[in-house]
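The data block below is upload-v1.cif; it holds mmCIF, C-alpha atoms and all ligand atoms.
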```cif
data_target
loop_
_atom_site.label_atom_id
_atom_site.label_comp_id
_atom_site.auth_asym_id
_atom_site.auth_seq_id
_atom_site.Cartn_x
_atom_site.Cartn_y
_atom_site.Cartn_z
CA MET A 1 -27.43 -3.69 -17.53
CA PRO A 2 -31.16 -2.59 -17.41
CA GLU A 3 -32.09 0.56 -15.44
CA PRO A 4 -33.19 -0.44 -11.92
CA ASN A 5 -36.80 0.36 -11.00
CA PHE A 6 -37.75 3.21 -8.64
CA ILE A 7 -37.65 1.17 -5.39
CA LYS A 8 -34.37 -0.40 -6.31
CA ARG A 9 -32.92 3.04 -7.12
CA ILE A 10 -33.88 4.29 -3.65
CA PHE A 11 -32.22 1.25 -2.10
CA ILE A 12 -29.06 1.68 -4.17
CA LYS A 13 -28.86 5.38 -3.26
CA ALA A 14 -29.25 4.58 0.45
CA TYR A 15 -26.56 1.91 0.17
CA ALA A 16 -24.21 4.41 -1.51
CA GLY A 17 -24.78 6.79 1.43
CA GLN A 18 -23.95 4.01 3.90
CA LEU A 19 -20.72 3.17 2.09
CA ARG A 20 -19.74 6.83 2.23
CA LYS A 21 -20.54 7.14 5.94
CA PRO A 22 -22.02 4.11 7.72
CA LYS A 23 -24.62 5.28 10.21
CA GLY A 24 -27.65 4.23 12.25
CA ILE A 25 -29.07 0.75 12.52
CA PHE A 26 -27.48 -0.54 9.30
CA ALA A 27 -23.94 0.63 10.05
CA LEU A 28 -22.68 -2.63 11.56
CA ARG A 29 -24.09 -4.71 8.71
CA VAL A 30 -22.51 -2.40 6.15
CA GLY A 31 -19.18 -2.71 8.01
CA ASN A 32 -19.38 -6.51 7.81
CA LYS A 33 -20.31 -6.43 4.12
CA MET A 34 -17.26 -4.23 3.42
CA ASN A 35 -15.06 -6.80 5.18
CA GLU A 36 -16.45 -9.52 2.92
CA LEU A 37 -15.88 -7.45 -0.23
CA ASN A 38 -12.49 -6.03 0.66
CA SER A 39 -10.60 -8.69 2.61
CA TYR A 40 -8.53 -9.76 -0.40
CA LEU A 41 -7.90 -6.13 -1.40
CA TYR A 42 -6.58 -5.44 2.13
CA ASP A 43 -4.23 -8.45 1.96
CA ILE A 44 -2.64 -7.23 -1.26
CA SER A 45 -2.63 -3.57 -0.16
CA ILE A 46 -0.92 -4.36 3.16
CA ASP A 47 1.84 -6.17 1.26
CA LYS A 48 2.33 -3.05 -0.86
CA ILE A 49 2.28 -0.76 2.19
CA ASN A 50 5.00 -3.04 3.59
CA PRO A 51 4.89 -1.99 7.26
CA GLU A 52 8.35 -1.89 8.82
CA ASP A 53 9.42 -2.11 12.46
CA ASN A 54 8.69 0.97 14.61
CA GLU A 55 6.73 2.84 11.94
CA ALA A 56 3.80 5.15 12.70
CA ILE A 57 1.05 4.43 10.17
CA LEU A 58 -2.29 6.19 9.69
CA GLU A 59 -5.33 4.61 8.03
CA ILE A 60 -8.06 7.01 6.92
CA GLY A 61 -11.54 5.45 6.69
CA PHE A 62 -10.93 2.13 8.45
CA GLY A 63 -14.60 0.99 8.60
CA ASN A 64 -15.07 -1.55 11.40
CA GLY A 65 -11.31 -2.03 11.75
CA LYS A 66 -11.28 -5.79 11.21
CA PHE A 67 -7.96 -5.65 9.31
CA PHE A 68 -5.69 -3.84 11.79
CA GLU A 69 -4.41 -7.17 13.15
CA LYS A 70 -3.13 -8.09 9.67
CA ILE A 71 -0.96 -4.95 9.74
CA PHE A 72 0.37 -5.62 13.23
CA ALA A 73 1.36 -9.13 12.11
CA LYS A 74 3.77 -7.70 9.51
CA ALA A 75 6.29 -5.89 11.74
CA GLU A 76 7.43 -5.23 15.32
CA ASP A 77 6.55 -2.24 17.50
CA LEU A 78 4.23 -0.58 15.04
CA LYS A 79 2.06 2.28 16.16
CA ILE A 80 -1.12 2.36 14.11
CA TYR A 81 -3.52 5.30 14.07
CA GLY A 82 -6.96 5.39 12.51
CA LEU A 83 -9.28 8.23 11.54
CA ASP A 84 -12.89 7.70 10.46
CA TYR A 85 -15.74 10.21 10.52
CA SER A 86 -18.41 7.61 11.29
CA SER A 87 -18.84 7.39 15.07
CA GLU A 88 -20.49 3.98 14.57
CA MET A 89 -17.37 2.68 12.79
CA VAL A 90 -15.04 4.13 15.44
CA LYS A 91 -17.02 2.30 18.13
CA ALA A 92 -17.13 -0.96 16.15
CA ALA A 93 -13.39 -0.80 15.41
CA THR A 94 -12.61 -0.06 19.06
CA ASP A 95 -14.71 -3.08 20.13
CA ASN A 96 -13.03 -5.25 17.48
CA ASN A 97 -9.51 -4.29 18.60
CA LYS A 98 -9.83 -4.00 22.40
CA SER A 99 -6.48 -5.48 23.27
CA SER A 100 -4.46 -3.36 20.80
CA VAL A 101 -6.29 -0.20 21.89
CA ASN A 102 -5.84 -1.01 25.60
CA SER A 103 -2.16 -1.77 25.16
CA GLY A 104 -1.54 1.62 23.54
CA LYS A 105 -0.43 0.47 20.09
CA LEU A 106 -3.66 1.35 18.24
CA PHE A 107 -5.19 4.84 18.44
CA LEU A 108 -8.60 5.41 16.85
CA LYS A 109 -10.16 8.83 16.40
CA CYS A 110 -13.41 10.13 15.00
CA GLY A 111 -12.93 12.93 12.48
CA SER A 112 -12.59 13.85 8.85
CA SER A 113 -9.42 13.67 6.78
CA ASP A 114 -9.69 17.31 5.75
CA ARG A 115 -8.85 18.13 9.40
CA ILE A 116 -6.48 15.41 10.58
CA PRO A 117 -6.10 15.61 14.37
CA PHE A 118 -2.38 14.76 14.44
CA ASP A 119 0.86 16.76 14.45
CA ASP A 120 2.92 17.83 11.43
CA ASN A 121 5.59 15.36 10.17
CA PHE A 122 4.23 12.55 12.34
CA PHE A 123 3.63 9.50 10.11
CA ASN A 124 5.91 7.27 8.05
CA LYS A 125 2.94 6.11 6.01
CA VAL A 126 -0.67 7.12 5.45
CA PHE A 127 -3.12 5.00 3.50
CA CYS A 128 -6.79 4.84 2.59
CA ILE A 129 -8.73 2.05 0.90
CA ASN A 130 -12.00 2.85 -0.88
CA VAL A 131 -12.22 6.36 0.58
CA ALA A 132 -10.74 8.97 -1.83
CA GLN A 133 -13.65 8.57 -4.25
CA PHE A 134 -15.87 10.30 -1.67
CA TRP A 135 -13.73 13.45 -1.26
CA GLU A 136 -15.55 16.40 -2.82
CA ASN A 137 -12.46 18.59 -2.68
CA PRO A 138 -9.50 16.15 -2.71
CA SER A 139 -6.93 18.92 -2.20
CA ALA A 140 -8.34 19.75 1.24
CA HIS A 141 -7.61 16.15 2.30
CA LEU A 142 -4.29 15.80 0.48
CA LYS A 143 -2.93 19.02 2.04
CA GLU A 144 -3.62 17.52 5.44
CA ILE A 145 -2.04 14.19 4.48
CA TYR A 146 1.04 16.06 3.25
CA ARG A 147 1.20 17.99 6.52
CA VAL A 148 1.13 14.92 8.78
CA LEU A 149 3.60 12.85 6.68
CA LYS A 150 7.27 12.94 7.60
CA PRO A 151 9.60 14.13 4.82
CA GLY A 152 10.03 11.09 2.58
CA GLY A 153 6.86 9.56 4.04
CA LYS A 154 4.51 7.72 1.71
CA PHE A 155 0.82 8.03 0.94
CA PHE A 156 -0.97 5.00 -0.51
CA THR A 157 -4.25 5.62 -2.33
CA ILE A 158 -6.08 2.35 -2.91
CA ILE A 159 -9.09 3.10 -5.04
CA ARG A 160 -11.17 1.18 -7.58
CA THR A 161 -10.23 1.84 -11.19
CA LYS A 162 -12.46 4.20 -13.13
CA GLU A 163 -14.01 1.28 -15.05
CA SER A 164 -14.68 -0.72 -11.86
CA THR A 165 -16.14 2.31 -10.06
CA LEU A 166 -18.51 3.07 -12.93
CA MET A 167 -19.53 -0.60 -13.12
CA MET A 168 -20.96 -0.55 -9.57
CA PRO A 169 -24.62 0.51 -9.54
CA PHE A 170 -24.29 2.83 -6.54
CA SER A 171 -21.34 4.81 -7.92
CA LYS A 172 -23.59 7.42 -9.52
CA TYR A 173 -24.55 8.61 -6.03
CA GLY A 174 -21.64 10.62 -4.64
CA PHE A 175 -18.65 8.72 -6.02
CA THR A 176 -15.95 10.26 -8.22
CA ALA A 177 -14.29 7.81 -10.62
CA TYR A 178 -10.62 8.47 -11.44
CA THR A 179 -8.12 7.03 -13.87
CA ALA A 180 -4.68 6.52 -12.36
CA GLU A 181 -3.37 9.45 -14.43
CA GLU A 182 -6.12 11.78 -13.18
CA TRP A 183 -5.38 10.89 -9.55
CA GLU A 184 -1.60 11.21 -10.04
CA ILE A 185 -2.11 14.78 -11.34
CA ILE A 186 -4.17 15.68 -8.27
CA LEU A 187 -1.51 14.19 -5.99
CA LYS A 188 1.25 16.12 -7.73
CA ALA A 189 -0.69 19.39 -7.46
CA ASN A 190 -0.55 18.78 -3.70
CA ASN A 191 3.21 18.08 -3.63
CA LEU A 192 2.80 14.32 -3.40
CA ASN A 193 4.95 12.81 -6.13
CA CYS A 194 3.83 9.54 -7.54
CA ILE A 195 6.51 6.85 -7.31
CA ASN A 196 4.58 3.71 -8.29
CA THR A 197 1.16 2.73 -9.60
CA SER A 198 -0.08 -0.83 -9.89
CA VAL A 199 -3.40 -2.52 -10.58
CA ILE A 200 -4.83 -5.09 -8.19
CA THR A 201 -7.18 -7.61 -9.79
CA GLU A 202 -9.70 -8.64 -7.18
CA ARG A 203 -11.65 -11.83 -6.70
CA PRO A 204 -15.23 -11.75 -8.08
CA VAL A 205 -17.64 -10.23 -5.55
CA ASN A 206 -21.41 -10.31 -5.22
CA LEU A 207 -23.08 -6.90 -4.99
CA ASN A 208 -26.81 -6.25 -5.20
CA ASN A 209 -27.34 -9.73 -6.68
CA GLY A 210 -24.81 -9.18 -9.42
CA ASP A 211 -21.30 -10.66 -9.70
CA TYR A 212 -18.55 -8.15 -10.36
CA LYS A 213 -14.91 -8.59 -11.28
CA LEU A 214 -13.30 -5.47 -9.88
CA GLU A 215 -9.86 -3.92 -10.15
CA SER A 216 -8.21 -1.34 -7.94
CA TYR A 217 -5.21 0.94 -8.22
CA CYS A 218 -2.58 1.17 -5.56
CA ILE A 219 -0.98 4.56 -6.18
CA ILE A 220 2.07 5.25 -4.03
CA SER A 221 3.18 8.85 -3.62
CA GLU A 222 5.90 10.47 -1.54
CA LYS A 223 6.28 13.73 0.39
C1 LIG B 301 -16.45 2.42 1.69
S1 LIG B 301 -15.95 2.48 3.37
C2 LIG B 301 -14.36 1.64 3.27
C3 LIG B 301 -13.96 0.98 4.56
C4 LIG B 301 -12.65 0.17 4.45
N1 LIG B 301 -11.54 1.05 4.17
C5 LIG B 301 -12.78 -0.87 3.37
O1 LIG B 301 -12.24 -0.68 2.26
O2 LIG B 301 -13.44 -1.90 3.59
C6 LIG B 301 -15.46 4.17 3.59
C7 LIG B 301 -15.04 4.47 5.02
O3 LIG B 301 -14.35 5.72 5.03
C8 LIG B 301 -14.94 6.59 5.98
N2 LIG B 301 -14.76 7.95 5.43
C9 LIG B 301 -15.23 8.43 4.24
N3 LIG B 301 -14.84 9.71 4.07
C10 LIG B 301 -14.09 10.03 5.16
C11 LIG B 301 -13.40 11.21 5.56
N4 LIG B 301 -13.42 12.33 4.82
N5 LIG B 301 -12.72 11.20 6.73
C12 LIG B 301 -12.70 10.07 7.51
N6 LIG B 301 -13.35 8.93 7.19
C13 LIG B 301 -14.03 8.91 6.02
C14 LIG B 301 -16.39 6.12 6.11
O4 LIG B 301 -16.97 6.48 7.34
C15 LIG B 301 -16.22 4.61 5.96
O5 LIG B 301 -15.94 3.98 7.18
#
```

Written as structure tokens, how would this file's structure read?
Amino acid sequence: MPEPNFIKRIFIKAYAGQLRKPKGIFALRVGNKMNELNSYLYDISIDKINPEDNEAILEIGFGNGKFFEKIFAKAEDLKIYGLDYSSEMVKAATDNNKSSVNSGKLFLKCGSSDRIPFDDNFFNKVFCINVAQFWENPSAHLKEIYRVLKPGGKFFTIIRTKESTLMMPFSKYGFTAYTAEEWEIILKANNLNCINTSVITERPVNLNNGDYKLESYCIISEK
């Protein structure tokens, strides 16, 4: 692919920043674009997460929260918690899920996953989709995830494969691309033992006027 010109590079860099932390006047549009790109990925990931009745589940980096209803539809009496450090996304997700928030089954907080504002041994499952590639020091986040998981609890990392990450023009601005093996080693160093890794082949998506066929890993680890 040819090198983008100067103006296009500035745009791509700004877009990368918005994906990392949606903010300001473009935040809502970025949230909607992520829904368009990631709806299919969420469907497959939620099947793998396999929510079961009465579980407490945490999503880190939920964006505008348009997919929480898909999780609630899978099981009875779920309690779902969300943590996102973009105040714009927390507001959008709260607006998009008013009835679940008001009825006390969905709890959304603003904060970063290297300081998770929940108690030790609290969650059956924690997951994040398209978030771990932004963590500058993954161990700081994984230690917190380990702390809040119950013994035997599972952490699901859904992240684009190294090839797919590097294919996207904005990935050179603040993204880290991992192979499954590289991420499994980092998990293990933080006491999260990998129990299953699979590849999700996504539908073609349009990004910056280019069509991309992307793949993601779903890496399941256990406390
Ligand atoms: C690329 S978006 C992905 C949104 C959604 N998960 C999806 O796949 O469509 C990344 C989201 O994670 C949030 N995020 C990134 N790093 C975070 C961190 N350290 N703690 C909490 N939220 C984070 C961003 O604010 C943003 O909403």

| Residues at most 6 Å from segment 11-19 of chain A, counting only C-alpha atoms, excluding those fewer than 3 positions away in the same chain, as a list in words? |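 What passes the distance filter is Lys8, Pro22 and Phe170 of chain A.
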
| said: Every residue with an atom at most 6 Å from (3.8, 6.6, 11.2) (file coordinates; only C-alpha atoms) is what I'm after, so could you write them as a PyMOL selection string? | reply: chain A and resi 55-57+123-125

Could the residues in this selection be saved with C-alpha atoms as a compact mmCIF listing (two decimals), in the coordinates of the input?
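Listing of out_26.txt after writing:
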```txt
# COMPACT_ATOMS: atom_id res chain seq x y z
CA GLU A 55 6.73 2.84 11.94
CA ALA A 56 3.80 5.15 12.70
CA ILE A 57 1.05 4.43 10.17
CA PHE A 123 3.63 9.50 10.11
CA ASN A 124 5.91 7.27 8.05
CA LYS A 125 2.94 6.11 6.01
```

| query | In terms of the shortest atom-to-atom distance over all atoms listed in the file, which of A:Ala180, A:Leu78, A:Ile200, A:Ala73 is closest to Asn54 of chain A? | reply |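 Of A:Ala180, A:Leu78, A:Ile200, A:Ala73, the one nearest Asn54 of chain A is A:Leu78, counting all atoms listed in the file.
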
Please, what is the axis-aligned box for every listed atom of ligand LIG 301 (chain B) with 6 Å on each side, as centre and edge lengths in Å to one decimal, as AutoDock Vina command-line options?
```
--center_x -14.3 --center_y 5.2 --center_z 4.6 --size_x 17.4 --size_y 26.2 --size_z 17.8
```

Give me, as a Markdown table, the closest atom pair and its distance (Å, one decimal) for every residue of chain A within a cut-off of 9 Å of ligand LIG 301 (chain B), counting all atoms listed in the file, rows sorted by chain and rising number.
```
| residue | atom | partner | partner_atom | distance |
| --- | --- | --- | --- | --- |
| A:Ala16 | CA | B:LIG301 | C1 | 8.6 |
| A:Gln18 | CA | B:LIG301 | C1 | 8.0 |
| A:Leu19 | CA | B:LIG301 | C1 | 4.4 |
| A:Arg20 | CA | B:LIG301 | C14 | 5.2 |
| A:Lys21 | CA | B:LIG301 | O4 | 3.9 |
| A:Pro22 | CA | B:LIG301 | O4 | 5.6 |
| A:Lys23 | CA | B:LIG301 | O4 | 8.3 |
| A:Val30 | CA | B:LIG301 | S1 | 8.6 |
| A:Gly31 | CA | B:LIG301 | C3 | 7.3 |
| A:Asn32 | CA | B:LIG301 | O2 | 8.6 |
| A:Lys33 | CA | B:LIG301 | O2 | 8.2 |
| A:Met34 | CA | B:LIG301 | O2 | 4.5 |
| A:Asn35 | CA | B:LIG301 | O2 | 5.4 |
| A:Glu36 | CA | B:LIG301 | O2 | 8.2 |
| A:Leu37 | CA | B:LIG301 | O2 | 7.2 |
| A:Asn38 | CA | B:LIG301 | O2 | 5.2 |
| A:Ser39 | CA | B:LIG301 | O2 | 7.4 |
| A:Leu41 | CA | B:LIG301 | O1 | 7.9 |
| A:Tyr42 | CA | B:LIG301 | O1 | 7.4 |
| A:Glu59 | CA | B:LIG301 | N1 | 8.1 |
| A:Ile60 | CA | B:LIG301 | C12 | 5.6 |
| A:Gly61 | CA | B:LIG301 | O3 | 3.3 |
| A:Phe62 | CA | B:LIG301 | N1 | 4.5 |
| A:Gly63 | CA | B:LIG301 | O5 | 3.6 |
| A:Asn64 | CA | B:LIG301 | O5 | 7.0 |
| A:Gly65 | CA | B:LIG301 | C4 | 7.7 |
| A:Lys66 | CA | B:LIG301 | O2 | 8.8 |
| A:Phe67 | CA | B:LIG301 | O2 | 8.8 |
| A:Gly82 | CA | B:LIG301 | C12 | 8.9 |
| A:Leu83 | CA | B:LIG301 | C12 | 5.6 |
| A:Asp84 | CA | B:LIG301 | N6 | 3.5 |
| A:Tyr85 | CA | B:LIG301 | C12 | 4.3 |
| A:Ser86 | CA | B:LIG301 | O4 | 4.4 |
| A:Ser87 | CA | B:LIG301 | O4 | 8.0 |
| A:Glu88 | CA | B:LIG301 | O4 | 8.4 |
| A:Met89 | CA | B:LIG301 | O5 | 5.9 |
| A:Val90 | CA | B:LIG301 | O5 | 8.3 |
| A:Cys110 | CA | B:LIG301 | C12 | 7.5 |
| A:Gly111 | CA | B:LIG301 | C12 | 5.7 |
| A:Ser112 | CA | B:LIG301 | N5 | 3.4 |
| A:Ser113 | CA | B:LIG301 | N5 | 4.1 |
| A:Asp114 | CA | B:LIG301 | N4 | 6.3 |
| A:Arg115 | CA | B:LIG301 | N5 | 8.4 |
| A:Ile116 | CA | B:LIG301 | N5 | 8.5 |
| A:Cys128 | CA | B:LIG301 | N1 | 6.3 |
| A:Ile129 | CA | B:LIG301 | N1 | 4.4 |
| A:Asn130 | CA | B:LIG301 | O1 | 4.7 |
| A:Val131 | CA | B:LIG301 | C6 | 4.9 |
| A:Ala132 | CA | B:LIG301 | N3 | 7.2 |
| A:Gln133 | CA | B:LIG301 | N3 | 8.5 |
| A:Phe134 | CA | B:LIG301 | N3 | 5.9 |
| A:Trp135 | CA | B:LIG301 | N4 | 6.2 |
| A:Glu136 | CA | B:LIG301 | N4 | 8.9 |
| A:His141 | CA | B:LIG301 | N4 | 7.4 |
| A:Ile158 | CA | B:LIG301 | O1 | 8.6 |
| A:Ile159 | CA | B:LIG301 | O1 | 8.8 |
```

| Interatomic distance between atom CA of Arg9 of chain A and atom CA of Leu28 of chain A? |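 Distance between the two atoms: 22.0 Å.
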
Need the shell around Tyr146 of chain A: protein/DNA/RNA residues with any atom at most 9 Å away, counting all atoms listed in the file. Skip same-chain ones fewer than 3 positions apart. Format as a CSV table (one decimal) with C-alpha atoms, in the frame of the given file?
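See around.csv below for the written result:
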```
chain,number,residue,atom,x,y,z
A,120,ASP,CA,2.9,17.8,11.4
A,121,ASN,CA,5.6,15.4,10.2
A,141,HIS,CA,-7.6,16.2,2.3
A,142,LEU,CA,-4.3,15.8,0.5
A,143,LYS,CA,-2.9,19.0,2.0
A,149,LEU,CA,3.6,12.8,6.7
A,150,LYS,CA,7.3,12.9,7.6
A,151,PRO,CA,9.6,14.1,4.8
A,153,GLY,CA,6.9,9.6,4.0
A,155,PHE,CA,0.8,8.0,0.9
A,190,ASN,CA,-0.6,18.8,-3.7
A,191,ASN,CA,3.2,18.1,-3.6
A,192,LEU,CA,2.8,14.3,-3.4
A,222,GLU,CA,5.9,10.5,-1.5
A,223,LYS,CA,6.3,13.7,0.4
```

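Atom CA of Arg203 of chain A lies 20.9 Å from atom CA of Phe156 of chain A.
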
| task | Take the point (-24.2, -0.2, -12.4) in the file's coordinates, draw a sphere of radius 12 Å around it, and report as a ChimeraX atom specification every protein, DNA or RNA residue with an atom inside or on it, counting only C-alpha atoms. | result | /A:1-4,8-9,12-13,16,163-173,207-212

| said: Could you tell me how far atom CA of Ile220 of chain A sits from atom CA of Ile186 of chain A, in Å to one decimal place? | reply: 12.9 Å

| With distances taken over all atoms listed in the file, which of A:Pro117, A:Ile44, A:Gly174, A:Lys188 is nearest to Tyr217 of chain A? |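 Checking each candidate against Tyr217 of chain A, we get A:Ile44 as the closest.
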
| Which residues come within 10 Å of Phe72 of chain A, counting only C-alpha atoms, excluding same-chain residues fewer than 2 positions away, as number ranges by chain? | A: 51-53, 67-70, 74-80, 100, 105-106

| From the list A:Leu58, A:Val126, A:Thr197, A:Ile145, which residue is nearest Glu184 of chain A when using only C-alpha atoms? | A:Thr197

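Of the residues under consideration (A:Ala140, A:Ala27, A:Ala189, A:Cys218), A:Ala27 shows the shortest atom-to-atom contact distance to Ala92 of chain A when counting only C-alpha atoms.
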
| Among the residues A:Thr161, A:Lys213, A:Ile195, A:Glu202, the one that comes closest to Glu182 of chain A [using only C-alpha atoms] | A:Thr161

| message | My list of candidates is A:Arg160, A:Phe122, A:Val101, A:Asn193. Which is closest to Val148 of chain A when distances are computed with only C-alpha atoms? | response |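 Of A:Arg160, A:Phe122, A:Val101, A:Asn193, the one nearest Val148 of chain A is A:Phe122, counting only C-alpha atoms.
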
Can you rebuild segment 156-167 of chain A with N, CA and C atoms and give it as a PDB file, in the coordinates of the input?
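The resulting selection.pdb:
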```pdb
ATOM      1  N   PHE A 156      -0.461   6.066   0.347  1.00  0.00           N
ATOM      2  CA  PHE A 156      -0.970   5.000  -0.510  1.00  0.00           C
ATOM      3  C   PHE A 156      -2.460   5.243  -0.745  1.00  0.00           C
ATOM      4  N   THR A 157      -2.829   5.519  -1.988  1.00  0.00           N
ATOM      5  CA  THR A 157      -4.250   5.620  -2.330  1.00  0.00           C
ATOM      6  C   THR A 157      -4.648   4.300  -2.961  1.00  0.00           C
ATOM      7  N   ILE A 158      -5.552   3.586  -2.309  1.00  0.00           N
ATOM      8  CA  ILE A 158      -6.080   2.350  -2.910  1.00  0.00           C
ATOM      9  C   ILE A 158      -7.535   2.671  -3.257  1.00  0.00           C
ATOM     10  N   ILE A 159      -7.809   2.595  -4.544  1.00  0.00           N
ATOM     11  CA  ILE A 159      -9.090   3.100  -5.040  1.00  0.00           C
ATOM     12  C   ILE A 159      -9.481   2.267  -6.265  1.00  0.00           C
ATOM     13  N   ARG A 160     -10.767   1.990  -6.426  1.00  0.00           N
ATOM     14  CA  ARG A 160     -11.170   1.180  -7.580  1.00  0.00           C
ATOM     15  C   ARG A 160     -10.865   1.936  -8.872  1.00  0.00           C
ATOM     16  N   THR A 161     -10.512   1.197  -9.903  1.00  0.00           N
ATOM     17  CA  THR A 161     -10.230   1.840 -11.190  1.00  0.00           C
ATOM     18  C   THR A 161     -11.504   2.560 -11.667  1.00  0.00           C
ATOM     19  N   LYS A 162     -11.303   3.454 -12.615  1.00  0.00           N
ATOM     20  CA  LYS A 162     -12.460   4.200 -13.130  1.00  0.00           C
ATOM     21  C   LYS A 162     -13.510   3.233 -13.680  1.00  0.00           C
ATOM     22  N   GLU A 163     -13.064   2.233 -14.455  1.00  0.00           N
ATOM     23  CA  GLU A 163     -14.010   1.280 -15.050  1.00  0.00           C
ATOM     24  C   GLU A 163     -14.760   0.527 -13.950  1.00  0.00           C
ATOM     25  N   SER A 164     -14.028   0.062 -12.933  1.00  0.00           N
ATOM     26  CA  SER A 164     -14.680  -0.720 -11.860  1.00  0.00           C
ATOM     27  C   SER A 164     -15.639   0.154 -11.063  1.00  0.00           C
ATOM     28  N   THR A 165     -15.248   1.414 -10.812  1.00  0.00           N
ATOM     29  CA  THR A 165     -16.140   2.310 -10.060  1.00  0.00           C
ATOM     30  C   THR A 165     -17.439   2.510 -10.836  1.00  0.00           C
ATOM     31  N   LEU A 166     -17.306   2.776 -12.137  1.00  0.00           N
ATOM     32  CA  LEU A 166     -18.510   3.070 -12.930  1.00  0.00           C
ATOM     33  C   LEU A 166     -19.390   1.833 -13.117  1.00  0.00           C
ATOM     34  N   MET A 167     -18.776   0.648 -12.960  1.00  0.00           N
ATOM     35  CA  MET A 167     -19.530  -0.600 -13.120  1.00  0.00           C
ATOM     36  C   MET A 167     -20.494  -0.824 -11.935  1.00  0.00           C
TER      37      MET A 167
END
```
